[in-house]
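Accompanying notes for the structure given below.
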Amino acid sequence: MRGDVLIIGDHHKKAAQQSVRIMLDDILESDGKYVITVAGESGAGKSEIAASIANKLESEGIKTFIFQQDDYFVYPPKTNAEVRKQDIHHVGLGEVKLGLMDEEISAILSGVEEIEKPLVIFGEDRISSEVIDFSPYKVLIAEGTYTTVLKHANCRIFIDRNLDDTRAARSERAREEQDEFLEKILMIEHNIISKHKEKADIIITKEYDAVRKEDYGS
């Protein structure tokens with residue numbers, strides 16, 4: 001999404017470094033491209049951790065591309081917010097073209113080198129497109145609230161932070177008005193996303209430590 005601002009802290013970098021340490025051997029041993037999903041609630045740090053993972057992989061000589069779920073919403077951000085106000089039942093997986101993201105990733109995995117994908121222009125509240133040559137990239141990261149449900153992933157990362165944990169981060173980001181209506185939206189998202197943790201391979205804890213799912217105690 002063009003116009004998004006990331007505030008990357010040392011905690012995001014720590015989580016990314018630990019995640020890469022867990023995945024690196026699998027990435028290096030994989031024959032084709034390697035797909036990672038990074039999911040969690042609003043304000044959990046998905047974009048920041050995804051960007052930090054990409055930076056760490058690039059430092060290892062592994063070219064990485066990030067798919068942002070925000071580019072795949074049916075409506076651009078401000079319009080989507082208005083649609084939510086008209087009908088709060090709009091909130092959920094149906095807001096996002098997850099099928100399109102899956103199709104594009106599948107095509108890349110099958111050998112298609114060039115894809116025209118959606119691109120949200122945040123400041124203009126519109127959805128454009130961009131053509132990307134994926135031939136140089138070894139790793140694809142799909143980051144976003146619901147990306148755990150994507151079919152084509154080698155490793156799924158879930159950030160285990162809830163509404164209370166993310167309140168300060170959401171306020172600092174200031175992308176949306178922090179009001180009662182937003183809390184209702186976040187609760188709907190929470191009820192959906194909380195079920196996705198069990199599908200994860202790596203959990204990012206509240207302390208921003210990355211652990212394998214089988215080693216996670218809660």
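Residues are referred to by chain and number: the chain letter is A, B, ... according to the order shown in the structure tokens, the number counts from 1 in that chain, and ligands are numbered separately from 1 in the order shown.
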Each residue of stretch 56-121 of chain A lying at most 10 Å from stretch 12-28 of chain A should get a row with its shortest atom-to-atom pair and the distance in Å to one decimal, counting only C-alpha atoms; could you produce that, ordered by chain and increasing number, as a tab-separated table?
```
residue	atom	partner	partner_atom	distance
A:Lys56	CA	A:Gln17	CA	6.7
A:Leu57	CA	A:Val20	CA	7.3
A:Glu60	CA	A:Leu24	CA	9.4
A:Ile62	CA	A:Leu28	CA	8.9
```
Check: Looking only at the backbone, which of the residues in stretch 71-198 of chain A does DSSP tag as strand (DSSP E), as number ranges by chain?
Finding: A: 114-121, 126-133, 139-143, 155-159
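Atom CA of A:Asp164 is found 27.9 Å from atom CA of A:Val74.
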Notebook entry, point to check: atom CA of A:Ser129 and atom CA of A:Glu58 are how many Å apart?
Noted result: 24.8 Å
Item checked: DSSP-assigned helix (DSSP H, G or I) members of stretch 108-189 of chain A, reported as a list in words ->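 Selection result, helix (DSSP H, G or I) within stretch 108-189 of chain A: Ile108, Leu109, Phe122, Gly123, Glu124, Thr147, Thr148, Val149, Leu163, Asp164, Asp165, Thr166, Arg167, Ala168, Ala169, Arg170, Ser171, Glu172, Arg173, Glu180, Phe181, Leu182, Glu183, Lys184, Ile185, Leu186, Met187, Ile188 and Glu189 of chain A.
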Cut-off 12 Å: closest stretch 108-178 of chain A/stretch 203-207 of chain A atom pairs per residue, using only C-alpha atoms, as a Markdown table:
```
| residue | atom | partner | partner_atom | distance |
| --- | --- | --- | --- | --- |
| A:Thr148 | CA | A:Ile203 | CA | 11.9 |
| A:Cys155 | CA | A:Ile203 | CA | 10.8 |
| A:Arg156 | CA | A:Ile203 | CA | 8.6 |
| A:Ile157 | CA | A:Ile203 | CA | 5.8 |
| A:Phe158 | CA | A:Ile203 | CA | 5.0 |
| A:Ile159 | CA | A:Ile204 | CA | 4.6 |
| A:Asp160 | CA | A:Thr205 | CA | 5.4 |
| A:Arg161 | CA | A:Lys206 | CA | 5.7 |
| A:Asn162 | CA | A:Lys206 | CA | 8.9 |
| A:Leu163 | CA | A:Lys206 | CA | 11.8 |
| A:Asp164 | CA | A:Lys206 | CA | 11.0 |
| A:Asp165 | CA | A:Lys206 | CA | 7.6 |
| A:Thr166 | CA | A:Lys206 | CA | 9.8 |
```
For A:Lys184, please output as a short mmCIF file (atom, residue, chain, number, x, y, z; two decimals) with C-alpha atoms, in the first residue's frame all residues within 10 Å (counting only C-alpha atoms; exclusion window: fewer than 5 positions along the same chain).
```
data_model
loop_
_atom_site.label_atom_id
_atom_site.label_comp_id
_atom_site.auth_asym_id
_atom_site.auth_seq_id
_atom_site.Cartn_x
_atom_site.Cartn_y
_atom_site.Cartn_z
CA ILE A 88 -20.89 -3.53 10.46
CA VAL A 91 -16.32 -6.61 8.60
CA ASP A 179 -13.72 5.23 19.27
CA GLU A 189 -11.85 -9.23 13.92
CA HIS A 190 -10.55 -10.70 17.19
#
```
Using only C-alpha atoms, I'd like a table of the residues in stretch 71-157 of chain A that come within 10 Å of stretch 33-46 of chain A; for each, show the closest atom pair and its distance in Å rounded to one decimal, ordered by chain and ascending number, as a tab-separated table.
```
residue	atom	partner	partner_atom	distance
A:Ile105	CA	A:Val35	CA	8.4
A:Ile108	CA	A:Lys33	CA	8.3
A:Leu109	CA	A:Lys33	CA	6.4
A:Ser110	CA	A:Lys33	CA	9.5
A:Gly111	CA	A:Lys33	CA	9.5
A:Phe134	CA	A:Lys33	CA	9.8
A:Ser135	CA	A:Lys33	CA	9.6
A:Tyr137	CA	A:Lys33	CA	7.4
A:Lys138	CA	A:Lys33	CA	4.8
A:Val139	CA	A:Tyr34	CA	4.7
A:Leu140	CA	A:Val35	CA	4.8
A:Ile141	CA	A:Ile36	CA	4.7
A:Ala142	CA	A:Thr37	CA	4.7
A:Glu143	CA	A:Val38	CA	4.6
A:Gly144	CA	A:Ala39	CA	5.2
A:Thr145	CA	A:Ala39	CA	5.0
A:Tyr146	CA	A:Ala39	CA	6.2
A:Thr147	CA	A:Ala39	CA	5.8
A:Thr148	CA	A:Ala39	CA	6.0
A:Val149	CA	A:Thr37	CA	9.0
A:Leu150	CA	A:Thr37	CA	8.0
A:His152	CA	A:Val35	CA	7.0
A:Ala153	CA	A:Val35	CA	4.8
A:Asn154	CA	A:Val35	CA	5.2
A:Cys155	CA	A:Ile36	CA	4.9
A:Arg156	CA	A:Thr37	CA	4.8
A:Ile157	CA	A:Val38	CA	4.8
```
Margin query: Please determine, counting only C-alpha atoms, which residue among A:Gly32, A:Gly61, A:Gly9, A:Pro76 has the shortest atom-to-atom distance to A:Val120.
Written below: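 Of A:Gly32, A:Gly61, A:Gly9, A:Pro76, the one nearest A:Val120 is A:Pro76, counting only C-alpha atoms.
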Next item on the list: Could you check which of A:Ile185, A:Val96, A:Val5, A:Ala50 is closest to A:Gln69, using only C-alpha atoms?
Entry: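 Selected residue with least distance to A:Gln69: A:Val96.
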Margin query: I need the residue nearest A:Phe122 from this list: A:Glu214, A:Asp201, A:Asp71, A:Glu183. Use only C-alpha atoms for the distance.
Written below: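 So, comparing all the options, the nearest one is A:Asp71.
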Item checked: Distance in Å - atom CA of A:Ile66 versus atom CA of A:Glu114 ->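 Going from atom CA of A:Ile66 over to atom CA of A:Glu114 covers 15.0 Å.
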